[in-house]
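Reproduced below: input-v2.txt, with compact mmCIF, C-alpha atoms.
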```txt
# COMPACT_ATOMS: atom_id res chain seq x y z
CA MET A 353 13.67 -73.44 68.62
CA VAL A 354 15.41 -70.08 68.52
CA LYS A 355 13.23 -66.98 68.78
CA ILE A 356 14.27 -64.71 65.91
CA VAL A 357 15.42 -61.30 67.13
CA ASP A 358 13.35 -58.26 66.13
CA HIS A 359 15.03 -56.90 63.02
CA LYS A 360 14.66 -54.66 60.02
CA VAL A 361 16.62 -54.73 56.75
CA GLU A 362 16.61 -51.44 54.81
CA GLY A 363 19.07 -50.93 51.98
CA GLU A 364 22.53 -51.32 53.48
CA ILE A 365 21.34 -51.10 57.13
CA LEU A 366 20.40 -53.97 59.44
CA THR A 367 18.78 -53.06 62.75
CA MET A 368 18.21 -55.68 65.45
CA GLU A 369 16.67 -55.24 68.91
CA ARG A 370 16.47 -57.52 71.90
CA LEU A 371 15.19 -56.81 75.43
CA LEU A 372 17.35 -58.52 78.05
CA ASP A 373 16.38 -59.12 81.67
CA ALA A 374 19.39 -57.47 83.30
CA PRO A 375 20.63 -53.95 84.09
CA LYS A 376 22.62 -52.32 81.31
CA GLU A 377 25.85 -52.27 83.33
CA ILE A 378 25.81 -56.08 83.44
CA VAL A 379 24.81 -56.39 79.77
CA PHE A 380 27.52 -53.92 78.71
CA GLY A 381 30.03 -55.99 80.70
CA ALA A 382 28.96 -59.14 78.86
CA PHE A 383 29.81 -57.37 75.57
CA THR A 384 33.13 -55.93 76.76
CA ASP A 385 34.76 -58.69 78.82
CA ALA A 386 36.67 -61.27 76.74
CA ASP A 387 35.80 -64.17 79.07
CA GLN A 388 32.12 -63.27 79.32
CA ILE A 389 31.57 -62.71 75.59
CA ALA A 390 33.24 -66.07 74.88
CA GLN A 391 30.48 -67.72 76.94
CA TRP A 392 27.61 -66.49 74.79
CA TRP A 393 28.87 -65.39 71.36
CA GLY A 394 27.81 -67.94 68.77
CA PRO A 395 24.64 -69.22 67.13
CA THR A 396 24.03 -72.14 69.52
CA PRO A 397 25.41 -73.29 72.88
CA GLU A 398 27.31 -76.03 71.04
CA TRP A 399 29.46 -73.46 69.24
CA THR A 400 32.45 -72.45 71.35
CA VAL A 401 34.73 -69.43 71.33
CA PRO A 402 38.14 -70.93 72.18
CA VAL A 403 39.97 -67.75 71.08
CA SER A 404 38.86 -64.39 72.50
CA LYS A 405 41.52 -61.68 72.69
CA MET A 406 40.20 -58.24 73.56
CA ASP A 407 41.91 -54.88 73.86
CA LEU A 408 38.98 -52.69 74.90
CA LYS A 409 40.00 -49.18 73.91
CA VAL A 410 39.32 -46.93 70.95
CA GLY A 411 41.50 -48.36 68.18
CA GLY A 412 41.80 -51.65 70.07
CA THR A 413 40.43 -54.93 68.75
CA TRP A 414 38.57 -58.06 69.70
CA HIS A 415 39.94 -61.01 67.71
CA TYR A 416 37.98 -64.22 68.15
CA MET A 417 37.26 -67.60 66.69
CA MET A 418 33.95 -69.43 66.85
CA LYS A 419 34.21 -73.19 66.48
CA GLY A 420 31.36 -75.38 65.32
CA PRO A 421 30.25 -78.41 67.31
CA ASP A 422 31.94 -81.77 66.94
CA ASP A 423 28.70 -83.47 65.96
CA GLY A 424 29.05 -84.59 62.36
CA SER A 425 26.83 -81.76 61.09
CA GLU A 426 27.69 -79.56 58.10
CA TYR A 427 29.26 -77.09 60.57
CA ALA A 428 31.24 -79.71 62.51
CA ASN A 429 34.53 -78.24 63.74
CA MET A 430 34.14 -75.27 61.39
CA GLU A 431 36.24 -72.25 62.38
CA ALA A 432 34.86 -68.76 61.86
CA TRP A 433 37.29 -65.95 62.70
CA GLY A 434 36.26 -62.35 63.32
CA LEU A 435 37.87 -59.03 64.09
CA ALA A 436 36.16 -56.06 65.73
CA THR A 437 37.98 -52.72 65.88
CA TYR A 438 36.58 -50.34 68.50
CA LYS A 439 35.68 -46.87 67.23
CA GLU A 440 33.74 -45.53 70.22
CA ILE A 441 33.27 -46.83 73.77
CA ASP A 442 30.76 -45.11 76.08
CA PRO A 443 30.20 -47.38 79.12
CA PRO A 444 27.51 -48.58 79.72
CA ASN A 445 25.59 -46.88 76.92
CA LYS A 446 27.19 -47.51 73.55
CA LEU A 447 29.79 -49.41 71.54
CA VAL A 448 30.74 -48.59 67.96
CA LEU A 449 33.00 -50.95 66.07
CA GLU A 450 34.11 -52.02 62.64
CA ASP A 451 33.09 -55.66 62.26
CA SER A 452 34.89 -57.91 59.80
CA PHE A 453 35.73 -61.50 59.08
CA SER A 454 39.39 -62.33 59.60
CA ASP A 455 41.98 -65.06 59.44
CA ALA A 456 43.66 -66.68 62.44
CA GLN A 457 46.35 -63.97 62.45
CA GLY A 458 43.79 -61.14 62.64
CA ASN A 459 44.02 -59.98 59.04
CA LYS A 460 40.71 -58.75 57.61
CA LEU A 461 39.21 -60.88 54.87
CA ASN A 462 38.23 -58.23 52.34
CA ASP A 463 36.28 -60.74 50.24
CA PHE A 464 33.65 -60.72 52.99
CA PRO A 465 31.39 -57.79 53.94
CA ILE A 466 32.63 -55.31 56.54
CA SER A 467 30.23 -53.23 58.60
CA THR A 468 30.15 -50.45 61.13
CA ALA A 469 28.16 -51.83 64.07
CA ILE A 470 26.58 -49.57 66.68
CA PHE A 471 25.36 -51.23 69.87
CA GLU A 472 23.16 -49.08 72.09
CA PHE A 473 22.26 -50.22 75.62
CA ILE A 474 18.99 -48.60 76.71
CA ASP A 475 17.57 -48.93 80.23
CA GLN A 476 13.94 -50.02 80.37
CA ASP A 477 12.87 -50.34 84.01
CA GLY A 478 15.91 -52.37 85.06
CA LYS A 479 16.00 -54.36 81.86
CA THR A 480 18.16 -53.50 78.86
CA LEU A 481 17.12 -53.00 75.28
CA VAL A 482 20.11 -53.73 73.06
CA LYS A 483 19.72 -52.03 69.72
CA SER A 484 22.32 -52.91 67.11
CA THR A 485 22.60 -51.04 63.85
CA SER A 486 24.98 -52.47 61.26
CA VAL A 487 25.80 -50.36 58.22
CA TYR A 488 27.33 -52.08 55.18
CA ALA A 489 28.96 -50.60 52.07
CA SER A 490 26.02 -51.78 49.95
CA SER A 491 22.69 -53.57 50.15
CA GLU A 492 24.38 -56.49 48.33
CA ASP A 493 26.91 -56.82 51.17
CA LEU A 494 24.11 -56.82 53.71
CA GLN A 495 22.22 -59.47 51.74
CA LYS A 496 25.36 -61.67 51.75
CA VAL A 497 25.51 -61.75 55.56
CA VAL A 498 21.75 -62.21 55.85
CA GLN A 499 22.03 -65.23 53.52
CA MET A 500 24.93 -66.51 55.62
CA GLY A 501 22.55 -66.62 58.62
CA MET A 502 23.49 -63.48 60.53
CA ILE A 503 19.99 -62.83 61.88
CA GLU A 504 19.54 -66.43 63.05
CA GLY A 505 23.07 -66.42 64.47
CA PHE A 506 22.49 -63.25 66.49
CA SER A 507 19.15 -64.63 67.66
CA GLY A 508 20.90 -67.71 69.02
CA SER A 509 23.65 -65.60 70.57
CA TYR A 510 21.09 -63.53 72.44
CA GLU A 511 19.52 -66.70 73.81
CA ASN A 512 22.98 -67.78 74.99
CA LEU A 513 23.41 -64.31 76.52
CA ASP A 514 20.12 -64.74 78.43
CA VAL A 515 21.63 -67.80 80.14
CA LEU A 516 24.86 -65.99 81.04
CA LEU A 517 23.04 -62.92 82.37
CA GLU A 518 20.92 -65.10 84.65
CA LYS A 519 24.09 -66.76 86.02
CA LEU A 520 25.82 -63.40 86.53
CA GLN A 521 22.83 -61.97 88.39
CA GLN A 522 22.51 -65.08 90.59
CA LYS A 523 26.21 -64.82 91.42
CA LYS A 524 25.79 -61.12 92.29
CA LYS A 525 22.77 -61.88 94.53
CA LYS A 526 24.72 -64.59 96.40
CA LYS A 527 27.65 -62.21 96.86
CA ASN A 528 25.33 -59.52 98.25
CA VAL A 529 23.72 -62.01 100.65
CA ARG A 530 27.16 -63.12 101.90
CA ARG A 531 28.19 -59.49 102.35
CA PHE A 532 24.98 -58.79 104.33
CA ILE A 533 25.42 -61.86 106.54
CA SER A 534 29.08 -61.09 107.19
CA ARG A 535 28.12 -57.60 108.43
CA GLU A 536 25.77 -59.10 110.95
CA ASN A 537 27.48 -60.71 113.95
CA PHE A 538 25.51 -63.92 114.15
```
Structure encoded using C-alpha cells:
Amino acid sequence: MVKIVDHKVEGEILTMERLLDAPKEIVFGAFTDADQIAQWWGPTPEWTVPVSKMDLKVGGTWHYMMKGPDDGSEYANMEAWGLATYKEIDPPNKLVLEDSFSDAQGNKLNDFPISTAIFEFIDQDGKTLVKSTSVYASSEDLQKVVQMGMIEGFSGSYENLDVLLEKLQQKKKKKNVRRFISRENF
C-alpha cells in the first residue's frame, strides 16, 4: 500500500512534502537526469517511462511518456505524455517549471490543467525534504488533477524514488570502497 505524501490543497495551490533518505545533491540529480527520472517517475513500479528527453536549461524542456502496465487493468498500456519547461534551475536547491500534459510531439494539451511547479530541496541532517508547490490557474483546475489521482501518483513516484536513491547510494559506497582499496598497496 502506498503511503500518501504529506499534502495541502488551498484554492489553486497544491503543496506536497516528502522526506527522502539521501543528500540533496543526489536527490536533485534524480530529478534532473533523464535516465534517473525515468527509473522512478510514475505511480507504481509497473508504469514505465520509455520516452524521457531532457534539455536541462532555463527554457529547455523535459518531454516524457509514462506507459501503464501490460496487465489487463483499466490502465493497461495507457500512454500519458507530459511536458515540463524549465523556468529556474538552482542546483541542488530548487527547480521551477511549467508542467503540462502534452501529445507525443511535445505540443501542450490546453484542455488539461497547466501549473507552475516549484521543487525545493532542503537539507535535513543529510536527508532531503522535497517540497513541491504547484500553482494552477484556478481551484477548479487543481481539483481536476486531484480527481485524476495526482496526489496518489506522486506518492507512488516518491516510493519508486526511495528505491532508486538507495541503489544510487549503494553504488556510490561501493565506488568509494574501491577507490580506498586501490589507494592502498595490498
Determine, counting all atoms listed in the file, every residue of protein, DNA or RNA that lies within 7 Å of (37.7, -69.6, 61.7) in the file coordinates, then give the result as an mmCIF file with C-alpha atoms, keeping the file's coordinate frame.
```cif
data_model
loop_
_atom_site.group_PDB
_atom_site.id
_atom_site.type_symbol
_atom_site.label_atom_id
_atom_site.label_comp_id
_atom_site.auth_asym_id
_atom_site.auth_seq_id
_atom_site.Cartn_x
_atom_site.Cartn_y
_atom_site.Cartn_z
ATOM 1 C CA MET A 417 37.260 -67.600 66.690
ATOM 2 C CA MET A 418 33.950 -69.430 66.850
ATOM 3 C CA LYS A 419 34.210 -73.190 66.480
ATOM 4 C CA MET A 430 34.140 -75.270 61.390
ATOM 5 C CA GLU A 431 36.240 -72.250 62.380
ATOM 6 C CA ALA A 432 34.860 -68.760 61.860
ATOM 7 C CA TRP A 433 37.290 -65.950 62.700
ATOM 8 C CA ASP A 455 41.980 -65.060 59.440
ATOM 9 C CA ALA A 456 43.660 -66.680 62.440
#
```
>> With all atoms listed in the file as the counted atoms, please give the residues lying no more than 9 Å from Phe471 in chain A, apart from itself and same-chain residues fewer than 6 positions off, as a PyMOL selection string.
In response: chain A and resi 445-449+482-486
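Here CA of Tyr488 in chain A and CA of Lys460 in chain A stand 15.1 Å from one another.
Of the residues under consideration (A:Met353, A:Val379, A:Val497, A:Ala469), A:Met353 shows the shortest atom-to-atom contact distance to Thr396 in chain A when counting all atoms listed in the file.
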>> Counting only C-alpha atoms, which residues have an atom no more than 12 Å from (22.6, -62.6, 61.9) in the file's coordinates? Please list them as a PyMOL selection string.
In response: chain A and resi 356-361+366-369+393-395+484-486+494-510
Okay, now the selection with C-alpha atoms, as a short mmCIF file (atom, residue, chain, number, x, y, z; two decimals), in the coordinates of the input?
```
data_model
loop_
_atom_site.label_atom_id
_atom_site.label_comp_id
_atom_site.auth_asym_id
_atom_site.auth_seq_id
_atom_site.Cartn_x
_atom_site.Cartn_y
_atom_site.Cartn_z
CA ILE A 356 14.27 -64.71 65.91
CA VAL A 357 15.42 -61.30 67.13
CA ASP A 358 13.35 -58.26 66.13
CA HIS A 359 15.03 -56.90 63.02
CA LYS A 360 14.66 -54.66 60.02
CA VAL A 361 16.62 -54.73 56.75
CA LEU A 366 20.40 -53.97 59.44
CA THR A 367 18.78 -53.06 62.75
CA MET A 368 18.21 -55.68 65.45
CA GLU A 369 16.67 -55.24 68.91
CA TRP A 393 28.87 -65.39 71.36
CA GLY A 394 27.81 -67.94 68.77
CA PRO A 395 24.64 -69.22 67.13
CA SER A 484 22.32 -52.91 67.11
CA THR A 485 22.60 -51.04 63.85
CA SER A 486 24.98 -52.47 61.26
CA LEU A 494 24.11 -56.82 53.71
CA GLN A 495 22.22 -59.47 51.74
CA LYS A 496 25.36 -61.67 51.75
CA VAL A 497 25.51 -61.75 55.56
CA VAL A 498 21.75 -62.21 55.85
CA GLN A 499 22.03 -65.23 53.52
CA MET A 500 24.93 -66.51 55.62
CA GLY A 501 22.55 -66.62 58.62
CA MET A 502 23.49 -63.48 60.53
CA ILE A 503 19.99 -62.83 61.88
CA GLU A 504 19.54 -66.43 63.05
CA GLY A 505 23.07 -66.42 64.47
CA PHE A 506 22.49 -63.25 66.49
CA SER A 507 19.15 -64.63 67.66
CA GLY A 508 20.90 -67.71 69.02
CA SER A 509 23.65 -65.60 70.57
CA TYR A 510 21.09 -63.53 72.44
#
```
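Distances from A:Glu398, A:Asp463, A:Asp514, A:Asp373 to Gln476 in chain A were compared using only C-alpha atoms, and the smallest one belongs to A:Asp373.
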> Nearest to Leu372 in chain A among A:Lys479, A:Trp392, A:Leu516, A:Asp493, with distances taken over all atoms listed in the file: which residue is it?
Replying inline: A:Lys479
> To one decimal place, how far is CA of Thr480 in chain A from CA of Val354 in chain A in Å?
Replying inline: 19.7 Å
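Using all atoms listed in the file, the protein and nucleic acid residues lying no more than 9 Å from Asp407 in chain A, apart from those fewer than 6 places from it along its own chain, are Ala386, Thr413, Trp414, His415 and Tyr438 of chain A.
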> Hey, can you check how far CA of Glu364 in chain A sits from CA of Phe473 in chain A?
Replying inline: 22.2 Å
Box centre and edge lengths (Å, one decimal), axis-aligned, range 369-385 of chain A plus 5 Å each side, as JSON:
```
{"center_x": 25.0, "center_y": -55.7, "center_z": 76.5, "size_x": 29.6, "size_y": 16.9, "size_z": 25.2}
```
Rebuild N, CA and C atoms on range 457-479 of chain A, as a JSON list (two decimals), in the frame of the given file?
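Written output follows (out_35.json):
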```json
[["chain", "number", "residue", "atom", "x", "y", "z"],
["A", 457, "GLN", "N", 45.35, -64.96, 62.06],
["A", 457, "GLN", "CA", 46.35, -63.97, 62.45],
["A", 457, "GLN", "C", 45.74, -62.58, 62.69],
["A", 458, "GLY", "N", 44.45, -62.42, 62.43],
["A", 458, "GLY", "CA", 43.79, -61.14, 62.64],
["A", 458, "GLY", "C", 43.79, -60.23, 61.44],
["A", 459, "ASN", "N", 44.09, -60.77, 60.27],
["A", 459, "ASN", "CA", 44.02, -59.98, 59.04],
["A", 459, "ASN", "C", 42.59, -60.00, 58.51],
["A", 460, "LYS", "N", 42.07, -58.83, 58.16],
["A", 460, "LYS", "CA", 40.71, -58.75, 57.61],
["A", 460, "LYS", "C", 40.63, -59.53, 56.31],
["A", 461, "LEU", "N", 39.49, -60.19, 56.13],
["A", 461, "LEU", "CA", 39.21, -60.88, 54.87],
["A", 461, "LEU", "C", 38.34, -59.94, 54.03],
["A", 462, "ASN", "N", 38.94, -59.25, 53.12],
["A", 462, "ASN", "CA", 38.23, -58.23, 52.34],
["A", 462, "ASN", "C", 37.25, -58.80, 51.33],
["A", 463, "ASP", "N", 37.26, -60.12, 51.13],
["A", 463, "ASP", "CA", 36.28, -60.74, 50.24],
["A", 463, "ASP", "C", 34.92, -60.87, 50.92],
["A", 464, "PHE", "N", 34.89, -60.63, 52.23],
["A", 464, "PHE", "CA", 33.65, -60.72, 52.99],
["A", 464, "PHE", "C", 33.21, -59.31, 53.39],
["A", 465, "PRO", "N", 31.90, -59.12, 53.57],
["A", 465, "PRO", "CA", 31.39, -57.79, 53.94],
["A", 465, "PRO", "C", 31.94, -57.30, 55.27],
["A", 466, "ILE", "N", 32.20, -56.01, 55.33],
["A", 466, "ILE", "CA", 32.63, -55.31, 56.54],
["A", 466, "ILE", "C", 31.54, -54.31, 56.89],
["A", 467, "SER", "N", 31.26, -54.18, 58.19],
["A", 467, "SER", "CA", 30.23, -53.23, 58.60],
["A", 467, "SER", "C", 30.73, -52.35, 59.72],
["A", 468, "THR", "N", 30.03, -51.24, 59.91],
["A", 468, "THR", "CA", 30.15, -50.45, 61.13],
["A", 468, "THR", "C", 28.95, -50.86, 61.97],
["A", 469, "ALA", "N", 29.22, -51.35, 63.18],
["A", 469, "ALA", "CA", 28.16, -51.83, 64.07],
["A", 469, "ALA", "C", 28.06, -50.89, 65.27],
["A", 470, "ILE", "N", 26.86, -50.45, 65.54],
["A", 470, "ILE", "CA", 26.58, -49.57, 66.68],
["A", 470, "ILE", "C", 25.67, -50.34, 67.62],
["A", 471, "PHE", "N", 26.16, -50.57, 68.85],
["A", 471, "PHE", "CA", 25.36, -51.23, 69.87],
["A", 471, "PHE", "C", 24.98, -50.18, 70.91],
["A", 472, "GLU", "N", 23.66, -50.01, 71.09],
["A", 472, "GLU", "CA", 23.16, -49.08, 72.09],
["A", 472, "GLU", "C", 22.49, -49.89, 73.20],
["A", 473, "PHE", "N", 22.78, -49.52, 74.45],
["A", 473, "PHE", "CA", 22.26, -50.22, 75.62],
["A", 473, "PHE", "C", 21.32, -49.25, 76.33],
["A", 474, "ILE", "N", 20.01, -49.54, 76.27],
["A", 474, "ILE", "CA", 18.99, -48.60, 76.71],
["A", 474, "ILE", "C", 18.24, -49.19, 77.90],
["A", 475, "ASP", "N", 18.26, -48.47, 79.03],
["A", 475, "ASP", "CA", 17.57, -48.93, 80.23],
["A", 475, "ASP", "C", 16.06, -48.88, 80.02],
["A", 476, "GLN", "N", 15.40, -49.97, 80.40],
["A", 476, "GLN", "CA", 13.94, -50.02, 80.37],
["A", 476, "GLN", "C", 13.47, -50.68, 81.65],
["A", 477, "ASP", "N", 13.34, -49.88, 82.70],
["A", 477, "ASP", "CA", 12.87, -50.34, 84.01],
["A", 477, "ASP", "C", 13.70, -51.50, 84.54],
["A", 478, "GLY", "N", 15.01, -51.34, 84.53],
["A", 478, "GLY", "CA", 15.91, -52.37, 85.06],
["A", 478, "GLY", "C", 16.28, -53.45, 84.07],
["A", 479, "LYS", "N", 15.63, -53.45, 82.94],
["A", 479, "LYS", "CA", 16.00, -54.36, 81.86],
["A", 479, "LYS", "C", 16.78, -53.55, 80.84]]
```
